[in-house]
file run_31.csv (CSV, C-alpha atoms)
chain,number,residue,atom,x,y,z
Q,1,MET,CA,116.8,54.8,36.0
Q,2,GLU,CA,116.6,54.0,39.7
Q,3,ASP,CA,114.2,51.2,40.5
Q,4,ASN,CA,111.6,52.5,43.0
Q,5,THR,CA,110.1,49.1,43.6
Q,6,ALA,CA,110.3,47.7,47.1
Q,7,ILE,CA,108.5,44.4,46.5
Q,8,SER,CA,107.9,42.6,43.2
Q,9,PHE,CA,106.2,39.3,42.5
Q,10,ALA,CA,106.2,37.7,39.1
Q,11,ASN,CA,103.9,34.7,38.5
Q,12,VAL,CA,104.5,33.4,42.0
Q,13,GLY,CA,102.9,30.2,43.3
Q,14,ALA,CA,103.1,29.0,46.8
Q,15,ALA,CA,102.3,25.5,48.3
Q,16,TYR,CA,103.1,23.6,51.4
Q,17,ASP,CA,104.6,20.1,51.3
Q,18,GLY,CA,104.0,19.7,47.6
Q,19,GLY,CA,100.2,20.1,48.0
Q,20,ARG,CA,97.8,22.3,46.2
Q,21,GLU,CA,98.9,25.9,45.7
Q,22,VAL,CA,97.7,28.3,48.3
Q,23,LEU,CA,98.6,31.2,46.1
Q,24,THR,CA,98.6,31.0,42.3
Q,25,ASP,CA,100.1,33.3,39.6
Q,26,VAL,CA,100.6,36.2,41.9
Q,27,SER,CA,102.1,39.2,40.2
Q,28,PHE,CA,102.4,42.8,41.6
Q,29,ASN,CA,104.8,45.6,42.3
Q,30,ILE,CA,104.7,47.7,45.4
Q,31,SER,CA,106.7,51.0,45.3
Q,32,ASN,CA,109.0,52.2,48.1
Q,33,GLY,CA,107.0,54.2,50.7
Q,34,ALA,CA,103.6,52.7,49.8
Q,35,PHE,CA,101.0,51.7,52.4
Q,36,TYR,CA,98.6,48.8,51.7
Q,37,PHE,CA,96.1,46.9,53.6
Q,38,LEU,CA,96.0,43.2,53.0
Q,39,SER,CA,92.5,41.7,53.1
Q,40,GLY,CA,90.8,38.4,52.5
Q,41,ALA,CA,88.9,35.6,54.3
Q,42,SER,CA,90.6,33.5,56.9
Q,43,GLY,CA,92.7,30.8,55.2
Q,44,ALA,CA,92.8,32.8,51.9
Q,45,GLY,CA,96.6,33.1,52.0
Q,46,LYS,CA,97.3,36.4,53.6
Q,47,THR,CA,99.8,35.1,56.1
Q,48,THR,CA,101.4,33.0,53.3
Q,49,LEU,CA,101.9,36.1,51.3
Q,50,LEU,CA,103.6,37.9,54.2
Q,51,ARG,CA,105.8,34.9,54.8
Q,52,LEU,CA,106.9,34.9,51.1
Q,53,ILE,CA,107.8,38.6,51.4
Q,54,TYR,CA,109.8,38.0,54.6
Q,55,GLN,CA,111.5,35.0,53.1
Q,56,LEU,CA,110.1,32.5,55.6
Q,57,HIS,CA,108.6,30.5,52.8
Q,58,LYS,CA,110.0,29.8,49.4
Q,59,PRO,CA,107.7,30.0,46.3
Q,60,SER,CA,107.0,26.8,44.4
Q,61,ARG,CA,107.5,28.8,41.2
Q,62,GLY,CA,107.8,32.4,39.9
Q,63,GLN,CA,110.2,35.1,41.0
Q,64,ILE,CA,110.3,37.4,44.1
Q,65,LYS,CA,112.4,40.6,44.2
Q,66,LEU,CA,113.0,42.7,47.2
Q,67,PHE,CA,114.8,46.1,46.9
Q,68,GLY,CA,115.5,45.2,43.3
Q,69,LYS,CA,117.3,41.9,44.2
Q,70,ILE,CA,116.0,38.4,43.1
Q,71,THR,CA,115.6,36.3,46.3
Q,72,ASN,CA,114.9,32.9,44.9
Q,73,ASP,CA,118.5,31.6,45.0
Q,74,MET,CA,119.8,33.7,47.9
Q,75,THR,CA,121.9,32.0,50.5
Q,76,ARG,CA,120.9,31.9,54.2
Q,77,ASP,CA,123.4,34.7,55.0
Q,78,GLN,CA,122.1,36.9,52.1
Q,79,ILE,CA,118.5,36.4,53.3
Q,80,ALA,CA,119.5,37.3,56.9
Q,81,GLU,CA,121.1,40.5,55.6
Q,82,LEU,CA,117.9,41.3,53.6
Q,83,ARG,CA,115.8,40.8,56.7
Q,84,HIS,CA,117.7,43.5,58.6
Q,85,LYS,CA,115.8,45.9,56.3
Q,86,MET,CA,112.4,44.4,57.2
Q,87,ALA,CA,110.3,43.7,60.3
Q,88,ILE,CA,107.3,41.5,60.7
Q,89,VAL,CA,104.5,41.4,63.4
Q,90,PHE,CA,102.7,38.0,63.6
Q,91,GLN,CA,99.3,37.3,65.1
Q,92,GLU,CA,100.9,35.0,67.7
Q,93,TYR,CA,103.2,37.7,69.0
Q,94,SER,CA,106.4,35.5,68.9
Q,95,LEU,CA,107.8,37.0,72.1
Q,96,LEU,CA,110.6,35.3,74.1
Q,97,ASN,CA,109.0,34.5,77.5
Q,98,HIS,CA,112.4,34.1,79.3
Q,99,LEU,CA,113.1,37.7,78.6
Q,100,THR,CA,111.5,40.8,80.1
Q,101,VAL,CA,109.4,43.2,77.9
Q,102,PHE,CA,112.3,45.6,77.8
Q,103,ASP,CA,114.7,42.9,76.6
Q,104,ASN,CA,112.3,41.6,74.0
Q,105,VAL,CA,112.1,45.1,72.4
Q,106,ALA,CA,115.8,45.7,72.8
Q,107,LEU,CA,116.8,42.4,71.1
Q,108,PRO,CA,116.9,43.7,67.5
Q,109,LEU,CA,119.1,46.6,68.6
Q,110,ARG,CA,121.5,44.3,70.4
Q,111,VAL,CA,121.8,42.1,67.4
Q,112,ARG,CA,122.9,45.2,65.5
Q,113,GLY,CA,125.5,46.2,68.0
Q,114,VAL,CA,123.8,49.3,69.3
Q,115,ASN,CA,125.3,50.6,72.6
Q,116,ASP,CA,123.4,50.2,75.8
Q,117,ALA,CA,122.8,54.0,76.3
Q,118,LYS,CA,121.0,54.3,73.0
Q,119,ILE,CA,119.1,51.0,73.6
Q,120,LYS,CA,117.7,52.2,76.9
Q,121,LYS,CA,116.6,55.6,75.5
Q,122,LEU,CA,115.0,54.1,72.4
Q,123,VAL,CA,113.3,51.2,74.1
Q,124,MET,CA,111.8,53.3,76.8
Q,125,LYS,CA,110.5,55.9,74.3
Q,126,VAL,CA,108.9,53.2,72.2
Q,127,LEU,CA,107.3,51.4,75.2
Q,128,ASP,CA,106.0,54.7,76.6
Q,129,TRP,CA,104.5,55.5,73.2
Q,130,VAL,CA,102.6,52.2,73.0
Q,131,GLY,CA,101.5,52.6,76.6
Q,132,LEU,CA,103.6,50.0,78.2
Q,133,GLY,CA,106.4,51.9,79.8
Q,134,LYS,CA,105.5,50.7,83.3
Q,135,TYR,CA,105.7,47.1,82.1
Q,136,ALA,CA,109.4,47.2,81.0
Q,137,ASP,CA,110.5,44.8,83.7
Q,138,ALA,CA,107.5,42.5,83.3
Q,139,ASN,CA,107.4,39.0,81.8
Q,140,PRO,CA,105.4,38.8,78.6
Q,141,LEU,CA,103.2,36.0,80.1
Q,142,SER,CA,101.9,38.4,82.7
Q,143,LEU,CA,100.4,40.7,80.0
Q,144,SER,CA,97.1,40.5,78.3
Q,145,GLY,CA,97.0,39.4,74.6
Q,146,GLY,CA,96.5,43.0,73.5
Q,147,GLN,CA,99.5,44.2,75.6
Q,148,GLN,CA,101.7,41.4,74.2
Q,149,GLN,CA,100.7,42.5,70.7
Q,150,ARG,CA,101.9,46.0,71.4
Q,151,VAL,CA,105.2,44.6,72.7
Q,152,SER,CA,105.6,42.8,69.4
Q,153,VAL,CA,104.9,45.9,67.4
Q,154,ALA,CA,107.3,47.9,69.5
Q,155,ARG,CA,110.0,45.3,68.8
Q,156,ALA,CA,109.3,45.5,65.1
Q,157,ILE,CA,109.4,49.2,64.7
Q,158,ILE,CA,112.4,49.9,67.0
Q,159,VAL,CA,114.9,49.4,64.1
Q,160,GLN,CA,113.0,51.6,61.7
Q,161,PRO,CA,112.6,49.0,58.9
Q,162,ALA,CA,112.4,49.9,55.3
Q,163,ILE,CA,109.5,47.3,55.0
Q,164,LEU,CA,107.1,46.5,57.8
Q,165,LEU,CA,104.7,43.6,57.5
Q,166,ALA,CA,101.9,43.3,60.1
Q,167,ASP,CA,99.5,40.4,60.4
Q,168,GLU,CA,96.4,41.6,62.2
Q,169,PRO,CA,98.3,43.9,64.6
Q,170,THR,CA,95.1,45.5,65.8
Q,171,GLY,CA,93.0,42.3,66.1
Q,172,ASN,CA,93.2,42.1,69.9
Q,173,LEU,CA,93.1,45.9,70.6
Q,174,ASP,CA,90.3,48.2,71.6
Q,175,ASP,CA,89.5,51.2,69.4
Q,176,GLU,CA,91.7,53.6,71.3
Q,177,ASN,CA,94.8,51.4,71.1
Q,178,ALA,CA,94.1,50.4,67.5
Q,179,SER,CA,94.0,54.1,66.6
Q,180,ARG,CA,97.3,54.6,68.5
Q,181,LEU,CA,99.0,51.9,66.5
Q,182,MET,CA,97.6,53.0,63.2
Q,183,GLU,CA,98.9,56.5,63.9
Q,184,LEU,CA,102.3,55.1,64.6
Q,185,PHE,CA,102.3,53.1,61.4
Q,186,ILE,CA,101.2,56.2,59.4
Q,187,GLN,CA,104.0,58.3,61.0
Q,188,MET,CA,106.5,55.6,60.0
Q,189,ASN,CA,105.2,55.7,56.5
Q,190,LYS,CA,105.0,59.5,56.1
Q,191,ILE,CA,108.2,60.5,58.0
Q,192,PHE,CA,110.6,57.6,57.2
Q,193,GLY,CA,109.0,56.3,54.0
Q,194,THR,CA,108.5,52.8,55.4
Q,195,THR,CA,106.7,50.5,53.0
Q,196,ILE,CA,103.9,48.9,55.0
Q,197,ILE,CA,101.6,46.0,54.3
Q,198,LEU,CA,99.1,45.5,57.1
Q,199,ALA,CA,96.8,42.5,57.1
Q,200,THR,CA,93.4,43.1,58.7
Q,201,HIS,CA,89.9,41.7,58.9
Q,202,SER,CA,88.6,45.1,60.2
Q,203,GLN,CA,86.4,46.8,57.7
Q,204,LYS,CA,86.1,49.7,60.1
Q,205,ILE,CA,89.9,50.3,60.0
Q,206,MET,CA,90.0,50.0,56.1
Q,207,ASP,CA,87.0,52.4,55.8
Q,208,THR,CA,88.6,54.9,58.3
Q,209,TYR,CA,92.0,55.0,56.8
Q,210,LYS,CA,91.2,54.3,53.1
Q,211,PHE,CA,94.6,53.0,52.0
Q,212,PRO,CA,94.7,50.9,48.9
Q,213,ILE,CA,94.1,47.2,49.4
Q,214,LEU,CA,95.8,44.0,48.3
Q,215,HIS,CA,93.0,41.4,48.3
Q,216,VAL,CA,93.5,37.7,48.4
Q,217,GLU,CA,90.7,35.5,47.1
Q,218,ASN,CA,90.5,32.2,45.2
Q,219,HIS,CA,94.3,31.7,45.5
Q,220,ARG,CA,95.0,35.0,43.7
Q,221,VAL,CA,96.0,38.5,44.7
Q,222,GLY,CA,94.4,41.7,43.3
Q,223,PHE,CA,94.2,45.4,44.0
Q,224,LEU,CA,91.3,47.3,45.4
Q,225,GLY,CA,91.8,51.1,45.1
Q,226,SER,CA,94.8,53.1,44.0
Q,227,ALA,CA,97.8,54.3,45.9
Q,228,LYS,CA,97.4,57.6,44.1
Q,229,THR,CA,93.9,58.0,45.5
Q,230,ALA,CA,94.6,56.9,49.1
Q,231,ASN,CA,93.1,59.3,51.6
Q,232,VAL,CA,95.0,59.6,54.8
Q,233,PRO,CA,92.6,60.9,57.5
Q,234,ASP,CA,93.2,63.8,59.7
Q,235,MET,CA,94.6,62.1,62.8
Q,236,LYS,CA,93.2,64.9,65.1
Q,237,LYS,CA,89.7,63.7,64.1
Q,238,VAL,CA,90.5,60.0,64.3
Q,239,TRP,CA,92.5,59.8,67.5
Q,240,LYS,CA,90.2,59.5,70.5
Q,241,GLY,CA,92.8,59.3,73.3
Q,242,PRO,CA,95.2,61.8,74.7
Q,243,LYS,CA,96.9,64.3,72.3
Q,244,PRO,CA,99.2,62.1,70.2
Q,245,GLN,CA,102.9,62.8,70.3
Q,246,ASN,CA,104.8,63.2,67.0
Q,247,TYR,CA,106.8,60.1,68.0
Q,248,PHE,CA,108.9,59.5,64.9
Q,249,ALA,CA,109.7,63.2,64.4
Q,250,GLU,CA,110.9,63.3,68.0
Q,251,LEU,CA,113.1,60.3,67.6
Q,252,SER,CA,114.3,60.7,64.0
Q,253,LYS,CA,117.8,62.0,64.9
Q,254,GLN,CA,118.2,59.2,67.4
Q,255,PHE,CA,117.1,56.6,64.8
Q,256,ASP,CA,119.7,58.1,62.4
Q,257,ASP,CA,122.3,57.2,65.0
Q,258,ILE,CA,121.4,53.5,65.2
Q,259,GLY,CA,123.8,52.5,62.5
Q,260,ASN,CA,126.6,54.4,64.2
Q,261,THR,CA,127.8,52.1,66.9
Q,262,SER,CA,131.2,53.6,67.3
Q,263,GLU,CA,130.2,56.3,69.7

call {"tool": "encode", "arguments": {"input": "run_31.csv", "output": "structure tokens"}}
result
Amino acid sequence: MEDNTAISFANVGAAYDGGREVLTDVSFNISNGAFYFLSGASGAGKTTLLRLIYQLHKPSRGQIKLFGKITNDMTRDQIAELRHKMAIVFQEYSLLNHLTVFDNVALPLRVRGVNDAKIKKLVMKVLDWVGLGKYADANPLSLSGGQQQRVSVARAIIVQPAILLADEPTGNLDDENASRLMELFIQMNKIFGTTIILATHSQKIMDTYKFPILHVENHRVGFLGSAKTANVPDMKKVWKGPKPQNYFAELSKQFDDIGNTSE
């Protein structure tokens, strides 16, 4: 039987510098194509959980499996290969300030050897969608915090990851742009089957979109709601800006070509 599990934790503990565990006895399975919010108070361990999944932090005990593979004893090269299937958006943006906005978003494609013609087409499409097409040649430091966050999201989604981890991606955005990003994430999830874990403090977003919730409290992780009962809202009623484009449907064939660098 084929394993449909994207992320699996078994009795995982996480600590920093040998101190008290930030997360204790964390066990859960997340199926391919699921969409979960990640909630919890500041300092509860949400970012640590995302870092564990992305392999930026090793567990102090327990076992983590990604795409059916145990990660605990993976080499640096094996982890790097695994990360090619994932993307992460941090609160602090993590943009390279010596590069333009365009080059920041293009970087993951260049690492994968995509040719320049495809890079230009995809990067400009993504920047246009997040409302930053006219800032392609700008330095990230010249942008507002909300604009920088949208650049970091564009860079993360450009490679169509199998798993997308997002740490408060709408925290610095107004309602219109928060809705625009949420629509983009939902399209990724529905059209490409991207597994998404999105950390948020916004009760409004969780109440609006009603995806099941991973909740971190008292060093432990539990579920609120069921993936089977998740209610995806009608985007025509939620979206308050211009008529949204079906971005990923439009680019699906182009994304299929990303892995083909021989053209």

call {"tool": "residues_around", "arguments": {"input": "run_31.csv", "residues": "Leu23 of chain Q", "least_positions_apart": "3", "cutoff": "8 Å", "atoms": "all atoms listed in the file", "output": "ChimeraX atom specification"}}
result
/Q:12-15,26,45,48-49,219-221

call {"tool": "residues_around", "arguments": {"input": "run_31.csv", "residues": "Phe9 of chain Q", "least_positions_apart": "6", "cutoff": "8 Å", "atoms": "all atoms listed in the file", "output": "PyMOL selection string"}}
result
chain Q and resi 26-29+62-65

call {"tool": "write_last_selection", "arguments": {"input": "run_31.csv", "atoms": "C-alpha atoms", "output": "PDB file, keeping the file's coordinate frame"}}
result
ATOM      1  CA  VAL Q  26     100.600  36.200  41.900  1.00  0.00           C
ATOM      2  CA  SER Q  27     102.100  39.200  40.200  1.00  0.00           C
ATOM      3  CA  PHE Q  28     102.400  42.800  41.600  1.00  0.00           C
ATOM      4  CA  ASN Q  29     104.800  45.600  42.300  1.00  0.00           C
ATOM      5  CA  GLY Q  62     107.800  32.400  39.900  1.00  0.00           C
ATOM      6  CA  GLN Q  63     110.200  35.100  41.000  1.00  0.00           C
ATOM      7  CA  ILE Q  64     110.300  37.400  44.100  1.00  0.00           C
ATOM      8  CA  LYS Q  65     112.400  40.600  44.200  1.00  0.00           C
TER       9      LYS Q  65
END

call {"tool": "residues_around", "arguments": {"input": "run_31.csv", "residues": "Asn4 of chain Q", "least_positions_apart": "3", "cutoff": "10 Å", "atoms": "all atoms listed in the file", "output": "MDAnalysis selection string"}}
result
chainID Q and resid 1 7 29:33 67:68

call {"tool": "write_last_selection", "arguments": {"input": "run_31.csv", "atoms": "C-alpha atoms", "output": "compact mmCIF listing (two decimals), keeping the file's coordinate frame"}}
result
# COMPACT_ATOMS: atom_id res chain seq x y z
CA MET Q 1 116.80 54.80 36.00
CA ILE Q 7 108.50 44.40 46.50
CA ASN Q 29 104.80 45.60 42.30
CA ILE Q 30 104.70 47.70 45.40
CA SER Q 31 106.70 51.00 45.30
CA ASN Q 32 109.00 52.20 48.10
CA GLY Q 33 107.00 54.20 50.70
CA PHE Q 67 114.80 46.10 46.90
CA GLY Q 68 115.50 45.20 43.30

call {"tool": "closest_residue", "arguments": {"input": "run_31.csv", "among": "Q:Pro59, Q:Pro108, Q:Gly222, Q:Pro212", "to": "His84 of chain Q", "atoms": "all atoms listed in the file"}}
result
Q:Pro108

call {"tool": "closest_residue", "arguments": {"input": "run_31.csv", "among": "Q:Met124, Q:Leu96, Q:Leu184, Q:Leu66", "to": "Ile53 of chain Q", "atoms": "only C-alpha atoms"}}
result
Q:Leu66

call {"tool": "atom_distance", "arguments": {"input": "run_31.csv", "atom1": "atom CA of Thr200 of chain Q", "atom2": "atom CA of Gln55 of chain Q"}}
result
20.6 Å

call {"tool": "atom_distance", "arguments": {"input": "run_31.csv", "atom1": "atom CA of Val105 of chain Q", "atom2": "atom CA of Val126 of chain Q"}}
result
8.7 Å
